>>> print(open('query_9.txt').read())   # compact mmCIF, C-alpha atoms and all ligand atoms
# COMPACT_ATOMS: atom_id res chain seq x y z
CA MET A 1 14.94 18.72 2.53
CA LEU A 2 15.52 18.56 -1.17
CA GLY A 3 14.10 21.99 -1.86
CA GLY A 4 14.93 23.23 -5.31
CA VAL A 5 15.05 19.78 -6.81
CA ARG A 6 12.33 19.74 -9.39
CA PHE A 7 10.19 16.71 -9.95
CA GLY A 8 11.24 14.85 -13.06
CA LEU A 9 11.48 11.45 -14.62
CA PRO A 10 14.09 10.09 -12.21
CA ALA A 11 11.81 10.90 -9.29
CA LEU A 12 8.87 9.37 -11.05
CA PHE A 13 10.68 6.13 -11.69
CA ALA A 14 12.20 6.12 -8.23
CA CYS A 15 8.77 5.25 -6.96
CA LEU A 16 7.38 3.34 -9.86
CA LEU A 17 10.31 1.15 -10.71
CA ALA A 18 13.18 1.09 -8.27
CA ALA A 19 11.06 0.29 -5.28
CA SER A 20 8.05 -1.09 -7.03
CA CYS A 21 5.33 1.07 -5.52
CA ALA A 22 3.06 0.32 -8.37
CA GLY A 23 5.39 -1.66 -10.52
CA PRO A 24 6.54 -3.90 -11.94
CA GLY A 25 2.94 -4.91 -12.30
CA THR A 26 1.23 -7.34 -14.52
CA THR A 27 -2.07 -8.02 -16.03
CA SER A 28 -3.59 -11.09 -14.58
CA VAL A 29 -3.65 -14.26 -16.59
CA PRO A 30 -5.10 -17.40 -15.05
CA THR A 31 -2.62 -20.22 -15.44
CA GLY A 32 -4.56 -23.08 -13.97
CA ALA A 33 -1.58 -23.94 -11.84
CA SER A 34 -2.23 -25.84 -8.66
CA ASN A 35 -1.78 -24.23 -5.27
CA ASN A 36 0.33 -27.08 -3.96
CA GLY A 37 -2.56 -28.48 -2.02
CA ARG A 38 -3.18 -25.25 -0.17
CA PRO A 39 -6.33 -23.78 -1.65
CA ASP A 40 -5.89 -20.53 0.22
CA TYR A 41 -2.21 -20.17 -0.53
CA TRP A 42 -2.79 -17.30 -2.91
CA GLY A 43 -5.49 -15.80 -0.80
CA HIS A 44 -8.41 -17.39 -2.62
CA ARG A 45 -10.81 -16.97 0.27
CA ALA A 46 -12.96 -14.37 1.97
CA GLY A 47 -11.28 -11.49 3.74
CA PRO A 48 -10.07 -11.58 7.32
CA GLN A 49 -12.22 -10.92 10.37
CA GLY A 50 -11.15 -10.93 13.99
CA PHE A 51 -7.44 -10.69 13.20
CA ASP A 52 -5.30 -9.51 16.08
CA THR A 53 -2.17 -8.06 14.47
CA VAL A 54 -1.45 -5.41 11.85
CA ILE A 55 1.99 -5.19 10.25
CA ILE A 56 2.51 -1.59 9.19
CA ASP A 57 5.03 -1.27 6.39
CA ALA A 58 6.51 2.17 5.76
CA GLY A 59 7.53 2.12 2.10
CA HIS A 60 11.13 2.67 0.98
CA GLY A 61 13.85 3.72 3.46
CA GLY A 62 17.61 4.16 3.63
CA LYS A 63 19.18 4.37 0.16
CA ASP A 64 15.71 4.18 -1.39
CA SER A 65 14.00 7.55 -0.92
CA GLY A 66 11.04 6.80 -3.17
CA ALA A 67 9.45 9.86 -4.71
CA THR A 68 10.48 13.40 -3.83
CA SER A 69 8.06 16.30 -4.04
CA GLY A 70 9.19 19.11 -6.28
CA THR A 71 6.83 21.37 -4.34
CA THR A 72 7.75 20.64 -0.74
CA GLY A 73 11.02 18.76 -1.17
CA GLN A 74 9.68 16.04 1.09
CA ARG A 75 10.76 12.48 0.47
CA GLU A 76 8.33 9.62 0.29
CA LYS A 77 10.37 7.46 2.65
CA ASP A 78 10.14 10.09 5.41
CA LEU A 79 6.43 10.72 4.97
CA ALA A 80 5.73 6.98 4.87
CA LEU A 81 7.60 6.39 8.12
CA ASP A 82 5.84 9.29 9.82
CA THR A 83 2.49 7.98 8.62
CA ALA A 84 3.30 4.45 9.80
CA LYS A 85 4.08 5.70 13.29
CA ARG A 86 0.91 7.78 13.36
CA LEU A 87 -1.10 4.71 12.34
CA GLN A 88 0.55 2.65 15.04
CA ARG A 89 -0.41 5.27 17.64
CA GLN A 90 -3.99 5.44 16.33
CA LEU A 91 -4.40 1.67 16.53
CA GLY A 92 -2.70 1.39 19.91
CA GLY A 93 -4.65 -0.70 22.39
CA ARG A 94 -7.20 -1.86 19.85
CA VAL A 95 -5.11 -4.28 17.83
CA LYS A 96 -1.49 -5.39 18.04
CA THR A 97 0.83 -3.56 15.66
CA ARG A 98 4.29 -4.18 14.29
CA LEU A 99 6.31 -1.73 12.25
CA MET A 100 8.21 -3.24 9.33
CA ARG A 101 10.77 -0.48 9.88
CA SER A 102 10.91 2.08 12.68
CA ASP A 103 13.76 4.18 11.31
CA ASP A 104 15.42 5.18 8.04
CA THR A 105 16.46 1.65 7.12
CA PHE A 106 16.47 -0.01 3.70
CA ILE A 107 14.63 -3.33 3.58
CA ASP A 108 14.39 -5.25 0.31
CA LEU A 109 10.86 -5.90 -0.91
CA ASP A 110 11.42 -9.66 -0.87
CA ASP A 111 12.57 -9.43 2.75
CA ARG A 112 9.44 -7.43 3.61
CA ALA A 113 7.24 -10.09 2.04
CA ALA A 114 9.13 -12.87 3.84
CA ARG A 115 8.89 -11.11 7.19
CA ALA A 116 5.13 -10.71 6.82
CA SER A 117 4.54 -14.32 5.77
CA GLY A 118 3.69 -17.21 8.03
CA LYS A 119 1.91 -15.06 10.59
CA SER A 120 -1.53 -16.11 11.74
CA ASN A 121 -4.39 -13.66 12.33
CA THR A 122 -2.30 -10.91 10.77
CA ILE A 123 -2.73 -8.40 7.94
CA LEU A 124 -0.16 -6.21 6.19
CA VAL A 125 -0.68 -2.61 5.12
CA SER A 126 2.08 -0.91 3.15
CA LEU A 127 2.12 2.90 3.13
CA HIS A 128 3.37 4.97 0.20
CA TYR A 129 3.07 8.38 -1.42
CA ASN A 130 2.69 8.54 -5.16
CA SER A 131 4.18 10.40 -8.11
CA GLY A 132 3.13 10.92 -11.69
CA GLY A 133 1.90 13.76 -13.85
CA SER A 134 1.42 17.02 -11.97
CA GLY A 135 -2.31 17.05 -12.78
CA ILE A 136 -2.96 13.67 -11.15
CA ARG A 137 -4.10 13.60 -7.55
CA GLY A 138 -5.97 11.41 -5.11
CA PRO A 139 -5.38 8.21 -3.15
CA GLU A 140 -4.90 4.80 -4.74
CA THR A 141 -5.14 1.30 -3.28
CA TYR A 142 -3.41 -1.78 -4.67
CA TYR A 143 -4.32 -5.37 -3.87
CA TRP A 144 -4.05 -8.77 -5.53
CA ARG A 145 -5.35 -11.52 -3.29
CA VAL A 146 -9.06 -12.29 -3.13
CA ASP A 147 -8.87 -12.09 0.67
CA SER A 148 -7.51 -8.55 0.44
CA HIS A 149 -10.35 -7.13 -1.68
CA GLY A 150 -12.59 -6.16 1.25
CA LEU A 151 -9.73 -4.46 3.05
CA ALA A 152 -8.70 -2.64 -0.12
CA THR A 153 -12.26 -1.48 -0.66
CA ARG A 154 -12.42 -0.12 2.89
CA PHE A 155 -9.04 1.61 2.54
CA GLN A 156 -9.91 3.29 -0.73
CA ARG A 157 -13.28 4.47 0.58
CA ALA A 158 -11.60 5.75 3.75
CA MET A 159 -8.89 7.71 1.96
CA THR A 160 -11.30 9.11 -0.62
CA SER A 161 -13.51 10.38 2.20
CA VAL A 162 -10.60 12.51 3.43
CA SER A 163 -9.10 13.58 0.11
CA PRO A 164 -10.63 16.92 -0.94
CA ALA A 165 -10.17 16.36 -4.68
CA GLU A 166 -9.44 13.64 -7.19
CA SER A 167 -8.08 13.93 -10.70
CA GLY A 168 -6.92 11.22 -13.05
CA ASN A 169 -5.92 8.79 -10.33
CA ARG A 170 -6.39 5.04 -10.65
CA GLY A 171 -8.51 4.47 -7.53
CA MET A 172 -8.49 0.85 -6.46
CA VAL A 173 -6.36 -1.43 -8.59
CA ARG A 174 -5.77 -5.18 -8.61
CA ARG A 175 -2.09 -5.53 -9.40
CA ARG A 176 0.46 -8.25 -8.82
CA LEU A 177 3.22 -6.56 -6.86
CA ARG A 178 5.71 -8.08 -4.51
CA LEU A 179 3.81 -6.69 -1.51
CA THR A 180 0.34 -7.53 -2.83
CA ARG A 181 1.06 -11.00 -4.25
CA ASN A 182 3.93 -12.51 -2.34
CA PRO A 183 3.06 -12.34 1.38
CA ASP A 184 0.85 -15.29 2.40
CA ILE A 185 -1.41 -13.06 4.49
CA PRO A 186 -3.96 -10.41 3.46
CA CYS A 187 -1.93 -7.47 2.20
CA VAL A 188 -2.75 -4.09 0.69
CA LEU A 189 -0.57 -1.23 -0.55
CA LEU A 190 -1.79 2.34 -0.14
CA GLU A 191 -0.66 5.35 -2.16
CA ILE A 192 -1.99 8.11 0.07
CA GLY A 193 -1.46 11.04 -2.27
CA TYR A 194 0.54 12.34 -5.21
CA LEU A 195 3.65 14.22 -4.14
CA SER A 196 3.98 15.33 -7.77
CA ASN A 197 0.75 17.32 -7.53
CA PRO A 198 1.55 20.68 -5.91
CA SER A 199 -1.73 21.00 -4.01
CA GLU A 200 -1.74 17.44 -2.79
CA ALA A 201 1.95 17.60 -1.89
CA ARG A 202 1.23 20.60 0.33
CA LEU A 203 -1.66 18.72 1.94
CA CYS A 204 0.48 15.64 2.56
CA ALA A 205 3.11 17.88 4.13
CA ASP A 206 0.57 18.93 6.78
CA PRO A 207 0.69 16.64 9.84
CA ALA A 208 -2.99 17.40 10.52
CA TYR A 209 -3.90 16.05 7.07
CA ARG A 210 -1.82 12.95 7.61
CA ASP A 211 -3.59 12.44 10.93
CA LYS A 212 -6.97 12.64 9.21
CA MET A 213 -5.86 10.08 6.65
CA VAL A 214 -4.48 7.83 9.35
CA SER A 215 -7.71 8.05 11.36
CA ALA A 216 -9.69 6.96 8.32
CA ILE A 217 -7.23 4.15 7.56
CA ALA A 218 -7.38 2.97 11.19
CA ARG A 219 -11.18 2.94 11.07
CA ALA A 220 -11.05 0.85 7.91
CA ILE A 221 -8.82 -1.70 9.66
CA LEU A 222 -11.07 -1.88 12.72
CA ASP A 223 -14.19 -2.16 10.55
CA GLN A 224 -12.62 -5.08 8.68
CA GLN A 225 -11.61 -6.67 11.98
CA ALA A 226 -15.18 -6.39 13.28
CA LYS A 227 -17.20 -7.10 10.14
CA GLY A 228 -14.97 -8.99 7.71
CA ASP A 229 -15.95 -8.30 4.12
CA ALA A 230 -19.55 -7.26 4.93
CA GLY A 231 -20.55 -4.29 2.82
CA THR A 232 -17.51 -4.38 0.56
CA GLY A 233 -19.16 -5.94 -2.48
CA PRO A 234 -18.62 -9.24 -4.25
CA LEU A 235 -15.23 -10.90 -4.14
CA PRO A 236 -13.16 -10.75 -7.33
CA ARG A 237 -12.42 -13.94 -9.21
CA PRO A 238 -9.42 -15.97 -8.11
CA ILE A 239 -6.35 -15.58 -10.30
CA ASN A 240 -3.49 -18.01 -10.27
CA ALA A 241 -0.26 -16.27 -11.10
CA PRO A 242 3.29 -16.78 -9.89
CA PRO A 243 4.91 -14.57 -7.28
CA SER A 244 5.99 -11.12 -8.41
CA ARG A 245 9.74 -10.92 -9.08
CA PRO A 246 11.99 -7.91 -9.48
CA THR A 247 12.88 -9.19 -12.92
CA ASP A 248 9.27 -9.17 -14.12
CA PRO A 249 8.95 -6.81 -17.08
CA ALA A 250 6.54 -3.99 -16.37
CA GLY A 251 3.16 -4.76 -17.85
CA SER A 252 3.92 -8.44 -18.45
ZN ZN B 301 6.46 4.15 -2.88
>>> encode(input="query_9.txt", output="structure tokens")
Amino acid sequence: MLGGVRFGLPALFACLLAASCAGPGTTSVPTGASNNGRPDYWGHRAGPQGFDTVIIDAGHGGKDSGATSGTTGQREKDLALDTAKRLQRQLGGRVKTRLMRSDDTFIDLDDRAARASGKSNTILVSLHYNSGGSGIRGPETYYWRVDSHGLATRFQRAMTSVSPAESGNRGMVRRRLRLTRNPDIPCVLLEIGYLSNPSEARLCADPAYRDKMVSAIARAILDQQAKGDAGTGPLPRPINAPPSRPTDPAGS
């Protein structure tokens, strides 16, 4: 769609900054602040088991295209929406699903977090495609809440099992983003592959590859639903930190 447009800094920052795929992020600093009497408010608990609903969030949309591949010309917002719909089909009948967006609509990140919050027995998975240096490839998983660690572990394992090669990617990362910190339900953000890497961009352009990824992601969700955190390792330490805001300086 945008064939001929080469990947460059604006595309990089379209994902990293404008829409906050992986930014603005922060390093975690315990503050000792109270949780307003709700000890699980920031997700300081074990991961979910037996949940009945998955909110599938296709990243970006409308005026926010996210990253664009210089190799295939594909836009992150289109791939994310396609992937979200594939995941909804894969999960059909086994768990209830809701799409955050079902068409090319812009939804502010704060609105996405608000829409996901207050739901019982529900998890949120946000789907993105990444961009960075052309030599970097492989899936990444972002989480913040303690109760999202098991899910994140399952997602990263699942995507890595499908990805044929990895190079220089960040793997699984605990980062305070608006969609990993602010919803009051377990929430994880997936970067399925680097559109800035020519080989991985071509893979991500293949519907059969996206289906393989989606199958693995769906299995991870159903495994978490059945087993909770079993087999996903020790929980990370709780961190008290305020909600992520668009005005947060990157790296603060
Ligand atoms: Zn993104």
>>> residues_near_point(input="query_9.txt", point="(13.3, 5.9, 17.6)", cutoff="12 Å", atoms="only C-alpha atoms", output="list in words")
Leu81, Asp82, Lys85, Leu99, Arg101, Ser102, Asp103, Asp104 and Thr105 of chain A
>>> residues_around(input="query_9.txt", residues="stretch 181-191 of chain A", least_positions_apart="3", cutoff="9 Å", atoms="all atoms listed in the file", output="PyMOL selection string")
chain A and resi 21-22+40-43+47-48+57+110+112-130+138-149+151-152+155-156+175-178+194+241-244
>>> closest_residue(input="query_9.txt", among="A:Ile136, A:Leu79, A:Val54, A:Ala201", to="A:Ile221", atoms="only C-alpha atoms")
A:Val54
>>> closest_residue(input="query_9.txt", among="A:Leu91, A:Met100, A:Ile107, A:Leu235", to="A:Gly62", atoms="all atoms listed in the file")
A:Ile107
>>> closest_residue(input="query_9.txt", among="A:Ser69, A:Arg154, A:Lys212, A:Leu179", to="A:Asn197", atoms="all atoms listed in the file")
A:Ser69
>>> axis_aligned_box(input="query_9.txt", around="stretch 79-95 of chain A", padding_each_side="8 Å", output="AutoDock Vina command-line options")
--center_x 0.2 --center_y 3.2 --center_z 13.6 --size_x 30.8 --size_y 31.0 --size_z 33.5
>>> closest_residue(input="query_9.txt", among="A:Arg245, A:Lys96, A:Arg86, A:Arg75", to="ligand ZN 301 (chain B)", atoms="all atoms listed in the file")
A:Arg75
>>> closest_residue(input="query_9.txt", among="A:Ser65, A:Gln225, A:Ser199, A:Thr247", to="ligand ZN 301 (chain B)", atoms="only C-alpha atoms and all ligand atoms")
A:Ser65
>>> closest_residue(input="query_9.txt", among="A:Thr232, A:Ser196, A:Thr83, A:Ser131", to="ligand ZN 301 (chain B)", atoms="only C-alpha atoms and all ligand atoms")
A:Ser131
>>> atom_distance(input="query_9.txt", atom1="atom CA of A:Val162", atom2="atom CA of A:Tyr209")
8.4 Å
>>> atom_distance(input="query_9.txt", atom1="atom CA of A:Arg174", atom2="atom CA of A:Asn240")
13.1 Å
